[in-house]
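For reference, the structure discussed in these notes is given below.
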Amino acid sequence: MTAIRQGHVTGALLGVLWMAVVAVTVAVAMSFATGAGFRPGLIGIFVAGLVSGLAPLYLPNRWAVSGLMLVLVAVLSFAGVGPVLIGSGAGAVAVVLSLMVTALAAGIGLCAILSGVRPGPLTRHVFEAAVIRFLTGFGYIFFTAIVIIPFYVMVMTSLKSQQALLQNPLDFSLDLGRGVDLFRSYIELFRDFNFGTYLWTSFYVSVLTVIITLAFSIPGAYAVARLRFRGAKAFSRGILLIYMVPMIVLALPIYIGFSMAGLRNTIFGIVIIYPVTTIPVGLYMLQGYFRGLPAEVEEAGLMDGLSRLAVIWKITLPLALPALASVSLYVFMIAWNEFLLAFMLLDDPSKFTLTRGVTMLNSSEIPRQHLMAGAVIATLPIMVIFLGLERFMTKGLTAGSVKG
């Protein structure tokens with residue numbers, strides 16, 4: 001460990017590792033964007049990594065390091081041993097862009113990672129800080145790729161023509177010359193496959209699920225958090241146990257019961273069963289928040305002559321708005337993305353939810369780009385809602401963590 005905690009050794013090691021991360025990222029990104037054969041080069045990664053890891057120890061700033069890396073990466077690439085090897089079919093713009101991104105990401109990234117690292121022995125604090133910065137950068141890139149790549153592939157595939165998809169299914173570049181025809185799959189889904197109805201059905205079913213869930217969760221969670229009655233602790237613990245029961249275990253009894261009651265293949269049946277899966281979530285989330293609210297405020301309202309229901313309506317609920325917003329968003333996402341119950345209970349295409357409608361596209365008779373377009377239509381609204389309201393969800397989930 002002492003040998004590793006030397007400025008030159010640490011810089012060289014982290015330089016090679018970071019260059020490997022950058023090279024793989026650039027190669028994958030450029031391959032997806034252009035359809036050409038970009039791939040990492042081991043020799044270039046090792047050589048450029050050593051230089052980029054030692055350069056920040058001696059050069060004055062990140063721009064000097066980036067300039068050096070740009071020259072080095074260009075020389076190695078034209079020699080055929082660059083950190084990112086470029087296959088046939090890549091245009092000049094793609095080649096230049098890959099070189100610039102590789103050099104800048106390596107230079108600027110390593111200047112940040114090796115901040116405070118100097119030639120000679122390093123303190124434990126400086127060494128560990130550099131390693132943590134490297135792991136943080138790697139984690140951001142890795143988890144971002146896991147999220148973005150599937151969505152990118154889904155979107156790009158949905159915008160391709162059938163001919164281009166058959167010629168090269170792995171080419172995710174776009175032919176912008178097609179104009180409006182790029183969105184042909186989306187137009188046909190709404191025109192020929194009734195996706196507008198599916199979208200509306202999923203929306204109002206999800207909204208109704210939120211309303212019913214809150215109507216049952218608010219009084220239940222308040223009772224567990226504030227009122228004293230026999231079995232309160234058992235009820236509180238049982239809420240989570242109910243939620244932990246896999247839905248697949250209940251699928252057959254639900255199917256039989258709904259068939260006998262005439263509720264199968266009806267929107268009313270879906271609206272009844274969805275809250276059954278979300279009410280335990282709402283109860284569990286809200287009871288923790290209600291416990292965190294100061295009881296003295298409610299007691300003051302009771303002393304002023306308000307009834308218990310009036311206290312809940314005028315005092316507790318306004319204070320619990322962040323929690324109610326987060327529960328509503330979470331329940332809405334559960335209802336919007338629910339598939340098993342919709343697949344099991346709905347057979348009439350005119351009553352399909354969006355997830356059930358997307359499943360219908362998984363057929364050899366329907367082009368793959370239509371399936372991807374349906375997946376984008378199902379994913380994009382809930383993604384926009386989540387990103388727009390994420391701060392409210394985070395605030396609601398953490399607001400009740402500290403009592404008083």
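Identifiers in the structure tokens: chain A, B, ... in order shown; residue index from 1 per chain; ligand index from 1 in order shown.
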
| query | Near range 65-75 of chain A, counting only C-alpha atoms, which residues have an atom at most 8 Å away, once you skip same-chain residues fewer than 6 positions from it, shown as a list in words? | reply |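 The neighbour list is Gly44, Ala48, Val51, Ser52, Ala55, Pro56, Leu59, Gly82, Pro83, Leu99, Met100, Thr102, Ala103, Leu104, Ala106, Gly107, Ile108 and Cys111 of chain A.
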
Taking only C-alpha atoms into account, produce a table as JSON lines in which each residue of range 25-55 of chain A with an atom at most 9 Å from an atom of range 171-184 of chain A appears once, together with its shortest atom pair and the distance in Å to one decimal, ordered by chain and rising number.
{"residue": "A:Ser31", "atom": "CA", "partner": "A:Asp171", "partner_atom": "CA", "distance": 8.0}
{"residue": "A:Phe32", "atom": "CA", "partner": "A:Phe172", "partner_atom": "CA", "distance": 5.4}
{"residue": "A:Ala33", "atom": "CA", "partner": "A:Ser173", "partner_atom": "CA", "distance": 5.2}
{"residue": "A:Thr34", "atom": "CA", "partner": "A:Ser173", "partner_atom": "CA", "distance": 5.1}
{"residue": "A:Gly35", "atom": "CA", "partner": "A:Asp171", "partner_atom": "CA", "distance": 4.3}
{"residue": "A:Ala36", "atom": "CA", "partner": "A:Asp171", "partner_atom": "CA", "distance": 7.8}

For the residues in that selection, give me N, CA, C and O atoms as a compact mmCIF listing (two decimals), in the first residue's frame.
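again37.txt was written with the following content:
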# COMPACT_ATOMS: atom_id res chain seq x y z
N SER A 31 -20.42 4.44 -31.46
CA SER A 31 -20.99 3.32 -32.22
C SER A 31 -22.51 3.45 -32.31
O SER A 31 -23.11 3.24 -33.37
N PHE A 32 -23.14 3.80 -31.18
CA PHE A 32 -24.59 3.98 -31.19
C PHE A 32 -25.00 5.18 -32.05
O PHE A 32 -26.01 5.13 -32.75
N ALA A 33 -24.22 6.27 -31.98
CA ALA A 33 -24.61 7.50 -32.66
C ALA A 33 -24.40 7.44 -34.17
O ALA A 33 -25.15 8.03 -34.94
N THR A 34 -23.34 6.72 -34.62
CA THR A 34 -23.00 6.74 -36.03
C THR A 34 -23.24 5.41 -36.74
O THR A 34 -23.32 5.36 -37.97
N GLY A 35 -23.30 4.32 -35.99
CA GLY A 35 -23.42 3.01 -36.61
C GLY A 35 -22.11 2.45 -37.10
O GLY A 35 -22.06 1.34 -37.65
N ALA A 36 -21.01 3.19 -36.94
CA ALA A 36 -19.68 2.73 -37.36
C ALA A 36 -19.06 1.87 -36.26
O ALA A 36 -19.53 1.86 -35.11

| field | Neighbour list for Ile270 in chain A as a PyMOL selection string, cut-off 12 Å, only C-alpha atoms, skip fewer than 5 positions in-chain | value | chain A and resi 201-202+204-206+208-209+254-255+258+263-265+275-277+335-336+338-346+351-353

| said: Which of range 143-389 of chain A end up as helix (DSSP H, G or I) when DSSP is run on this backbone - answer as a PyMOL selection string? | reply: chain A and resi 143-158+162-167+176-192+195-226+232-244+247-261+267-292+295-303+308-319+321-337+340-345+349-351+354-360+368-389

| request: Could you jot down the CA of Gly238 in chain A to CA of Ala225 in chain A separation for me, Å, one decimal place? | output: 14.2 Å

| Nearest to Arg291 in chain A by atom-to-atom distance, counting only C-alpha atoms, from A:Leu85, A:Ile146, A:Ala112, A:Ala323 |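 So, comparing all the options, the nearest one is A:Ala323.
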
| field | Of the listed residues A:Leu354, A:Val207, A:Ala325, A:Leu293, that which approaches Glu390 in chain A most closely, counting only C-alpha atoms | value | A:Ala325

| task | May I ask which of the residues A:Leu309, A:Leu165, A:Val153, A:Ala23 is the closest one to Ile141 in chain A, counting only C-alpha atoms? | result |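 Using only C-alpha atoms, Ile141 in chain A sits closest to A:Ala23.
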
| said: If we count only C-alpha atoms and set the cut-off at 8 Å, which residues sit around range 9-21 of chain A, ignoring sequence neighbours fewer than 2 positions away in its own chain? Please answer as a ChimeraX atom specification. | reply: /A:3-7,23-25,40,45-54,57,83,106,110,114,117,127,131,134,138

| task | Point out the residue among A:Ile148, A:His8, A:Ser77, A:Lys233 with the least atom-to-atom distance to Gly41 in chain A, counting only C-alpha atoms. | result |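 The answer is A:Ser77, which sits nearest to Gly41 in chain A.
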